[in-house]
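What follows is the content of work.cif, which has mmCIF, C-alpha atoms and all ligand atoms:
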data_start
#
loop_
_atom_site.label_atom_id
_atom_site.label_comp_id
_atom_site.auth_asym_id
_atom_site.auth_seq_id
_atom_site.Cartn_x
_atom_site.Cartn_y
_atom_site.Cartn_z
CA MET A 1269 -7.50 -6.36 9.05
CA LYS A 1270 -10.43 -8.44 10.23
CA GLN A 1271 -13.40 -8.06 7.94
CA ARG A 1272 -16.86 -7.25 9.29
CA ILE A 1273 -20.19 -7.35 7.49
CA VAL A 1274 -23.73 -6.23 8.19
CA ALA A 1275 -26.04 -7.79 5.61
CA GLY A 1276 -29.78 -7.33 5.13
CA ASN A 1277 -31.83 -10.19 3.68
CA TRP A 1278 -35.09 -8.71 2.39
CA LYS A 1279 -36.49 -12.19 1.58
CA MET A 1280 -39.70 -12.05 -0.51
CA HIS A 1281 -40.65 -8.58 0.70
CA THR A 1282 -41.00 -5.16 -0.93
CA ARG A 1283 -42.85 -3.91 -4.00
CA ARG A 1284 -40.79 -2.01 -6.55
CA GLY A 1285 -41.28 1.43 -4.98
CA GLU A 1286 -40.65 0.15 -1.46
CA ALA A 1287 -37.40 -1.45 -2.57
CA SER A 1288 -36.21 1.78 -4.10
CA ASP A 1289 -37.24 3.82 -1.04
CA LEU A 1290 -35.50 1.32 1.23
CA VAL A 1291 -32.16 1.45 -0.55
CA ALA A 1292 -32.40 5.25 -0.87
CA GLY A 1293 -33.02 5.50 2.89
CA ILE A 1294 -30.12 3.21 3.68
CA LEU A 1295 -27.74 5.13 1.40
CA HIS A 1296 -28.87 8.46 2.82
CA HIS A 1297 -28.16 7.42 6.41
CA VAL A 1298 -25.02 5.37 5.72
CA GLY A 1299 -23.64 8.35 3.79
CA GLN A 1300 -23.65 10.28 7.08
CA LEU A 1301 -21.59 7.64 8.90
CA THR A 1302 -17.86 7.09 8.70
CA LEU A 1303 -17.51 3.39 8.07
CA PRO A 1304 -14.24 1.70 8.96
CA ASP A 1305 -12.51 0.19 5.90
CA SER A 1306 -13.06 -3.23 7.43
CA LEU A 1307 -16.86 -2.96 7.33
CA ASP A 1308 -19.06 -3.92 4.36
CA VAL A 1309 -22.79 -3.29 4.28
CA VAL A 1310 -24.75 -5.64 2.01
CA VAL A 1311 -28.37 -5.43 0.89
CA CYS A 1312 -29.99 -8.56 -0.59
CA PRO A 1313 -33.22 -7.64 -2.39
CA PRO A 1314 -35.43 -10.09 -4.30
CA PHE A 1315 -33.96 -10.91 -7.74
CA VAL A 1316 -36.35 -8.61 -9.59
CA TRP A 1317 -35.18 -5.51 -7.72
CA ILE A 1318 -31.46 -6.20 -8.01
CA GLU A 1319 -30.96 -4.12 -11.14
CA GLN A 1320 -32.56 -0.98 -9.70
CA THR A 1321 -30.75 -1.53 -6.39
CA VAL A 1322 -27.37 -1.84 -8.11
CA ALA A 1323 -28.12 1.35 -10.07
CA ALA A 1324 -28.90 3.19 -6.83
CA LEU A 1325 -25.69 1.91 -5.22
CA HIS A 1326 -23.64 3.00 -8.25
CA GLY A 1327 -25.21 6.45 -8.07
CA ALA A 1328 -24.10 6.76 -4.45
CA ARG A 1329 -20.70 5.09 -4.90
CA SER A 1330 -18.67 8.17 -3.96
CA MET A 1331 -20.53 8.62 -0.64
CA CYS A 1332 -21.13 4.96 0.18
CA PRO A 1333 -18.36 2.84 -1.37
CA SER A 1334 -18.85 0.05 1.18
CA VAL A 1335 -22.50 -0.70 0.41
CA HIS A 1336 -22.86 -3.75 -1.84
CA CYS A 1337 -25.66 -5.71 -3.42
CA GLY A 1338 -26.18 -9.43 -2.86
CA ALA A 1339 -28.66 -12.03 -4.08
CA GLN A 1340 -30.57 -14.36 -1.78
CA ASP A 1341 -29.75 -17.60 -3.62
CA CYS A 1342 -28.21 -18.94 -6.82
CA HIS A 1343 -28.35 -22.14 -8.86
CA GLU A 1344 -25.32 -24.41 -8.87
CA GLU A 1345 -25.15 -24.79 -12.67
CA ILE A 1346 -23.86 -22.13 -15.05
CA SER A 1347 -26.89 -22.43 -17.34
CA GLY A 1348 -29.43 -25.02 -18.41
CA ALA A 1349 -33.04 -26.12 -18.35
CA TYR A 1350 -33.83 -25.06 -14.78
CA THR A 1351 -37.08 -23.15 -15.07
CA GLY A 1352 -37.32 -20.26 -12.67
CA ASP A 1353 -33.72 -20.44 -11.49
CA VAL A 1354 -30.92 -17.88 -11.68
CA SER A 1355 -27.22 -18.74 -12.00
CA ALA A 1356 -24.38 -17.25 -10.02
CA GLN A 1357 -22.93 -15.94 -13.27
CA MET A 1358 -26.15 -14.02 -14.00
CA ILE A 1359 -26.05 -12.55 -10.50
CA ALA A 1360 -22.46 -11.41 -11.03
CA ASP A 1361 -23.35 -10.01 -14.47
CA ILE A 1362 -26.07 -7.82 -12.99
CA GLY A 1363 -23.65 -6.26 -10.52
CA CYS A 1364 -23.92 -8.21 -7.27
CA ASP A 1365 -20.84 -8.82 -5.15
CA TYR A 1366 -22.39 -11.24 -2.66
CA VAL A 1367 -24.85 -14.13 -2.65
CA ILE A 1368 -26.50 -15.95 0.26
CA VAL A 1369 -26.40 -19.75 -0.08
CA GLY A 1370 -27.92 -22.43 2.12
CA HIS A 1371 -30.32 -20.17 3.97
CA SER A 1372 -32.42 -22.37 6.26
CA GLU A 1373 -35.59 -21.34 4.39
CA ARG A 1374 -34.05 -22.76 1.19
CA ARG A 1375 -33.00 -25.89 3.06
CA GLN A 1376 -36.46 -26.28 4.62
CA TYR A 1377 -38.80 -25.31 1.77
CA TYR A 1378 -36.71 -26.49 -1.20
CA GLY A 1379 -34.98 -29.47 0.40
CA GLU A 1380 -31.48 -28.13 -0.17
CA SER A 1381 -28.94 -30.56 1.24
CA ASN A 1382 -25.46 -29.74 2.52
CA SER A 1383 -23.98 -31.18 -0.68
CA ARG A 1384 -26.19 -28.99 -2.86
CA VAL A 1385 -25.26 -25.94 -0.79
CA ALA A 1386 -21.60 -26.86 -1.36
CA ARG A 1387 -22.20 -26.93 -5.14
CA LYS A 1388 -23.84 -23.51 -4.94
CA LEU A 1389 -20.88 -22.27 -2.94
CA ARG A 1390 -18.53 -23.49 -5.66
CA ALA A 1391 -20.64 -21.89 -8.40
CA ALA A 1392 -20.75 -18.59 -6.53
CA LEU A 1393 -16.97 -18.50 -6.13
CA ALA A 1394 -16.43 -19.45 -9.78
CA ALA A 1395 -18.60 -16.47 -10.76
CA GLY A 1396 -16.48 -14.14 -8.62
CA LEU A 1397 -19.16 -13.66 -5.96
CA ARG A 1398 -18.59 -13.74 -2.21
CA PRO A 1399 -20.90 -16.39 -0.76
CA ILE A 1400 -22.57 -15.92 2.61
CA VAL A 1401 -23.12 -19.54 3.64
CA CYS A 1402 -25.74 -20.19 6.32
CA VAL A 1403 -25.49 -22.91 8.94
CA GLY A 1404 -27.47 -23.51 12.12
CA GLU A 1405 -29.38 -26.00 14.23
CA SER A 1406 -33.10 -26.51 14.78
CA ALA A 1407 -34.80 -26.15 18.17
CA ASP A 1408 -34.92 -29.94 18.58
CA GLU A 1409 -31.26 -30.30 17.73
CA ARG A 1410 -30.38 -27.68 20.34
CA THR A 1411 -32.51 -29.19 23.09
CA SER A 1412 -31.03 -32.60 22.44
CA GLY A 1413 -27.53 -31.16 22.78
CA ARG A 1414 -26.56 -31.65 19.13
CA THR A 1415 -25.84 -28.02 18.13
CA VAL A 1416 -22.08 -28.43 17.79
CA ASP A 1417 -22.40 -31.72 15.88
CA VAL A 1418 -24.94 -30.29 13.44
CA VAL A 1419 -22.99 -27.13 12.69
CA THR A 1420 -19.68 -28.98 12.43
CA GLN A 1421 -21.26 -31.52 10.07
CA GLN A 1422 -22.63 -28.69 7.89
CA ILE A 1423 -19.17 -27.16 7.64
CA ASN A 1424 -17.48 -30.50 6.99
CA GLU A 1425 -19.88 -31.25 4.12
CA LEU A 1426 -19.19 -27.82 2.63
CA VAL A 1427 -15.50 -28.70 2.66
CA ASP A 1428 -16.18 -32.13 1.14
CA GLY A 1429 -18.13 -30.57 -1.71
CA ALA A 1430 -16.32 -27.32 -2.31
CA GLY A 1431 -12.85 -27.78 -0.80
CA ALA A 1432 -11.30 -26.10 2.21
CA ASP A 1433 -10.07 -23.18 0.05
CA ALA A 1434 -13.69 -22.22 -0.60
CA LEU A 1435 -14.11 -21.31 3.05
CA ASN A 1436 -11.30 -18.77 2.86
CA ALA A 1437 -13.19 -16.78 0.26
CA SER A 1438 -16.58 -17.11 1.96
CA VAL A 1439 -18.53 -15.66 4.82
CA ILE A 1440 -20.28 -17.99 7.28
CA ALA A 1441 -23.59 -16.97 8.85
CA TYR A 1442 -24.58 -18.84 12.00
CA GLU A 1443 -28.36 -18.74 12.04
CA PRO A 1444 -30.07 -20.98 14.60
CA LEU A 1445 -33.40 -21.91 13.03
CA TRP A 1446 -35.34 -21.27 16.22
CA ALA A 1447 -34.17 -17.65 16.24
CA ILE A 1448 -35.07 -16.77 12.65
CA GLY A 1449 -38.13 -14.55 12.37
CA THR A 1450 -39.27 -15.55 15.86
CA GLY A 1451 -38.16 -12.58 17.95
CA VAL A 1452 -36.37 -15.15 20.16
CA ALA A 1453 -32.77 -14.24 19.42
CA ALA A 1454 -29.89 -16.38 20.66
CA SER A 1455 -28.24 -14.68 23.62
CA PRO A 1456 -24.82 -13.20 22.82
CA GLU A 1457 -23.31 -15.96 25.01
CA GLN A 1458 -25.15 -18.72 23.11
CA ALA A 1459 -24.11 -17.21 19.79
CA GLN A 1460 -20.49 -16.66 20.85
CA GLU A 1461 -20.22 -20.28 22.01
CA VAL A 1462 -21.19 -21.61 18.58
CA HIS A 1463 -19.15 -18.96 16.76
CA HIS A 1464 -16.12 -20.04 18.74
CA THR A 1465 -16.67 -23.67 17.72
CA ILE A 1466 -16.97 -22.55 14.09
CA ARG A 1467 -13.81 -20.44 14.43
CA VAL A 1468 -11.86 -23.41 15.80
CA ARG A 1469 -13.02 -25.60 12.90
CA LEU A 1470 -12.24 -22.86 10.34
CA THR A 1471 -8.79 -22.44 11.86
CA GLU A 1472 -8.16 -26.18 11.50
CA LEU A 1473 -9.16 -25.74 7.86
CA SER A 1474 -6.69 -22.85 7.41
CA ALA A 1475 -9.48 -20.28 7.16
CA PRO A 1476 -9.14 -18.48 10.52
CA SER A 1477 -10.10 -15.07 9.11
CA THR A 1478 -13.36 -16.05 7.44
CA PRO A 1479 -15.97 -13.65 8.84
CA ILE A 1480 -18.69 -15.33 10.93
CA LEU A 1481 -21.99 -13.43 11.10
CA TYR A 1482 -24.79 -14.04 13.56
CA GLY A 1483 -28.36 -14.12 12.22
CA GLY A 1484 -31.70 -14.64 13.92
CA SER A 1485 -33.89 -11.83 15.25
CA VAL A 1486 -31.09 -9.25 15.25
CA ASN A 1487 -32.53 -5.78 15.85
CA ALA A 1488 -31.46 -2.25 16.71
CA LEU A 1489 -31.50 -3.01 20.44
CA ASN A 1490 -29.58 -6.29 20.58
CA ALA A 1491 -27.05 -5.80 17.75
CA SER A 1492 -24.35 -4.08 19.73
CA ALA A 1493 -24.14 -6.91 22.32
CA TYR A 1494 -23.33 -9.39 19.53
CA PHE A 1495 -20.67 -7.08 18.12
CA GLN A 1496 -18.85 -7.13 21.49
CA CYS A 1497 -18.31 -10.91 21.19
CA ALA A 1498 -14.84 -12.07 20.17
CA ASP A 1499 -15.93 -14.37 17.35
CA ILE A 1500 -18.90 -12.44 15.97
CA ASP A 1501 -17.92 -10.44 12.90
CA GLY A 1502 -21.27 -8.98 11.94
CA ALA A 1503 -24.90 -9.82 11.35
CA LEU A 1504 -27.26 -11.24 8.78
CA VAL A 1505 -30.48 -9.37 9.39
CA GLY A 1506 -33.93 -10.36 8.11
CA GLY A 1507 -37.02 -8.51 9.36
CA ALA A 1508 -35.10 -5.56 10.81
CA SER A 1509 -33.44 -4.90 7.43
CA LEU A 1510 -36.77 -3.82 5.92
CA ASN A 1511 -36.77 -0.51 7.74
CA ALA A 1512 -33.94 1.82 6.72
CA ASP A 1513 -33.71 3.54 10.12
CA VAL A 1514 -33.58 0.25 12.02
CA PHE A 1515 -31.10 -1.33 9.61
CA VAL A 1516 -28.83 1.70 9.77
CA SER A 1517 -28.99 1.60 13.60
CA ILE A 1518 -27.52 -1.89 13.34
CA VAL A 1519 -24.85 -0.58 10.96
CA SER A 1520 -24.15 2.24 13.45
CA ALA A 1521 -23.68 -0.34 16.22
CA ALA A 1522 -21.12 -2.06 14.01
CA VAL A 1523 -19.36 1.26 13.36
CA ALA A 1524 -19.24 1.95 17.11
CA ALA A 1525 -17.87 -1.55 17.83
CA TRP A 1526 -15.25 -1.62 15.09
CA ASN A 1527 -14.22 1.94 14.38
CA GLU A 1528 -10.54 1.19 14.61
P1 LIG A 1601 -34.63 -12.46 11.05
O1 LIG A 1601 -34.09 -13.33 9.80
O2 LIG A 1601 -33.64 -11.39 11.31
O3 LIG A 1601 -35.97 -11.92 10.58
O4 LIG A 1601 -34.78 -13.40 12.19
C1 LIG A 1601 -32.73 -13.62 9.66
C2 LIG A 1601 -32.51 -14.41 8.42
O5 LIG A 1601 -33.34 -15.23 8.06
O6 LIG A 1601 -31.47 -14.25 7.73
#
Step by step, read the file and then write its structure as structure tokens.
Amino acid sequence: MKQRIVAGNWKMHTRRGEASDLVAGILHHVGQLTLPDSLDVVVCPPFVWIEQTVAALHGARSMCPSVHCGAQDCHEEISGAYTGDVSAQMIADIGCDYVIVGHSERRQYYGESNSRVARKLRAALAAGLRPIVCVGESADERTSGRTVDVVTQQINELVDGAGADALNASVIAYEPLWAIGTGVAASPEQAQEVHHTIRVRLTELSAPSTPILYGGSVNALNASAYFQCADIDGALVGGASLNADVFVSIVSAAVAAWNE
């Protein structure tokens, strides 16, 4: 069974009450859908709201067994003098199942290299988490025709640092930088083309079933077109995941596409 995932990355948004209203809204609506067994829904709140989010998910477990909590980042070490950081083990301890690593905002604002992302990937797997590893090209890289090279290089460096086996247990999110938070989403054809390249590379690495999510200005109107594409297995949603109705519309599009 091919696995599909719709994940919401809340980034540094929501006050405490908003975070609890958001997860309550998502659970309420998702509870009314019949999710295929192959579909996971993941919410990734800021670290400080993980505990209350996990508690809400546990409370709704019988109605919404497929809704999971994820963190937005983790440190690559198990513990140590890293002020302000949070380890993958801590994230697992608090009840998360997933963690995003290598988001382009981490790469851009915190200088995270491919090799550091690979170490985070390894740490996440060692802690029993499922990493959602982000890759993607900048606008300049796309216009100069380097998209495939950039994405392939990102995947190759993940393999160098974490081993090919790591990709089998991971999720890849293709997120072109120019589409993130801009409202300029990649067309389904543009996304499918890169997803296919990623699929071919993953297949060479004996990880043909690793889910590949598209991220970058996904919304309630465009989601279903992505889910029709052969190599798109879900979405990593930023802005549109902050509204329960909109996020659940995207989940509904996934249910309609994959209710098998
Ligand atoms: P966006 O963000 O949906 O707001 O473009 C996606 C992401 O950064 O994961």
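Residues of protein, DNA or RNA lying at most 7 Å from ligand LIG 1601 (chain A), when all atoms listed in the file are considered, are Asn1277, Glu1443, Ala1447, Ile1448, Gly1449, Thr1450, Gly1451, Gly1483, Gly1484, Ser1485, Val1486, Leu1504, Val1505, Gly1506, Gly1507 and Ala1508 of chain A.
Separating CA of Val1291 in chain A from CA of Leu1325 in chain A is a distance of 8.0 Å.
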Restricting the calculation to all atoms listed in the file, which member of A:Asp1499, A:Ile1359, A:Val1419, A:Val1309 is positioned closest to Glu1457 in chain A?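 Checking each candidate against Glu1457 in chain A, we get A:Asp1499 as the closest.
Between CA of Ala1430 in chain A and CA of Val1462 in chain A the interatomic distance comes to 22.2 Å.
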Return as JSON the box centre and box size in Å, one decimal, for an axis-aligned box around all listed atoms of range 1377-1387 of chain A padded by 5 Å per side.
{"center_x": -30.2, "center_y": -28.2, "center_z": -1.3, "size_x": 27.2, "size_y": 15.9, "size_z": 17.7}
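Between CA of Val1516 in chain A and CA of Pro1444 in chain A the separation is 23.2 Å.
The residue set within 9 Å of Arg1467 in chain A, counting only C-alpha atoms and dropping same-chain residues fewer than 3 places from it, reads Val1462, His1463, His1464, Leu1470, Thr1471, Glu1472, Ala1475, Pro1476, Ser1477, Thr1478, Ile1480 and Asp1499 of chain A.
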For those residues, write C-alpha atoms to a file as a PDB file, in the frame of the given file.
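File result.pdb, as written:
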ATOM      1  CA  VAL A1462     -21.190 -21.610  18.580  1.00  0.00           C
ATOM      2  CA  HIS A1463     -19.150 -18.960  16.760  1.00  0.00           C
ATOM      3  CA  HIS A1464     -16.120 -20.040  18.740  1.00  0.00           C
ATOM      4  CA  LEU A1470     -12.240 -22.860  10.340  1.00  0.00           C
ATOM      5  CA  THR A1471      -8.790 -22.440  11.860  1.00  0.00           C
ATOM      6  CA  GLU A1472      -8.160 -26.180  11.500  1.00  0.00           C
ATOM      7  CA  ALA A1475      -9.480 -20.280   7.160  1.00  0.00           C
ATOM      8  CA  PRO A1476      -9.140 -18.480  10.520  1.00  0.00           C
ATOM      9  CA  SER A1477     -10.100 -15.070   9.110  1.00  0.00           C
ATOM     10  CA  THR A1478     -13.360 -16.050   7.440  1.00  0.00           C
ATOM     11  CA  ILE A1480     -18.690 -15.330  10.930  1.00  0.00           C
ATOM     12  CA  ASP A1499     -15.930 -14.370  17.350  1.00  0.00           C
TER      13      ASP A1499
END
Could you tell me which of A:Val1335, A:Ala1512, A:Ala1292, A:Ile1466 comes closest to Leu1307 in chain A if we count all atoms listed in the file?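 Smallest separation from Leu1307 in chain A among the options: A:Val1335.
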For Cys1402 in chain A, work out the shell of residues within 9 Å, counting all atoms listed in the file and skipping chain neighbours fewer than 4 positions away, then give it as a list in words.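 In the requested format, the answer is Ile1368, Val1369, Gly1370, His1371, Ser1372, Val1439, Ile1440, Ala1441, Tyr1442, Glu1443 and Gly1483 of chain A.
Proximity of A:Gly1338, A:Gly1431, A:Pro1304, A:Pro1333 to Ile1318 in chain A, computed with all atoms listed in the file, is greatest for A:Gly1338.
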Nearest to Gly1293 in chain A among A:Asn1527, A:Gln1376, A:Ser1509, A:Ser1474, with distances taken over all atoms listed in the file: which residue is it?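 For Gly1293 in chain A, the nearest of the given residues is A:Ser1509.
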Min atom-atom distance to Val1310 in chain A from the set A:Val1519, A:Ala1356, A:Val1514, A:Ala1328, counting all atoms listed in the file, belongs to A:Val1519
Please list as a ChimeraX atom specification every residue within 7 Å of Val1367 in chain A, counting only C-alpha atoms and excluding residues in the same chain fewer than 2 positions away. /A:1338-1341,1369,1397-1400
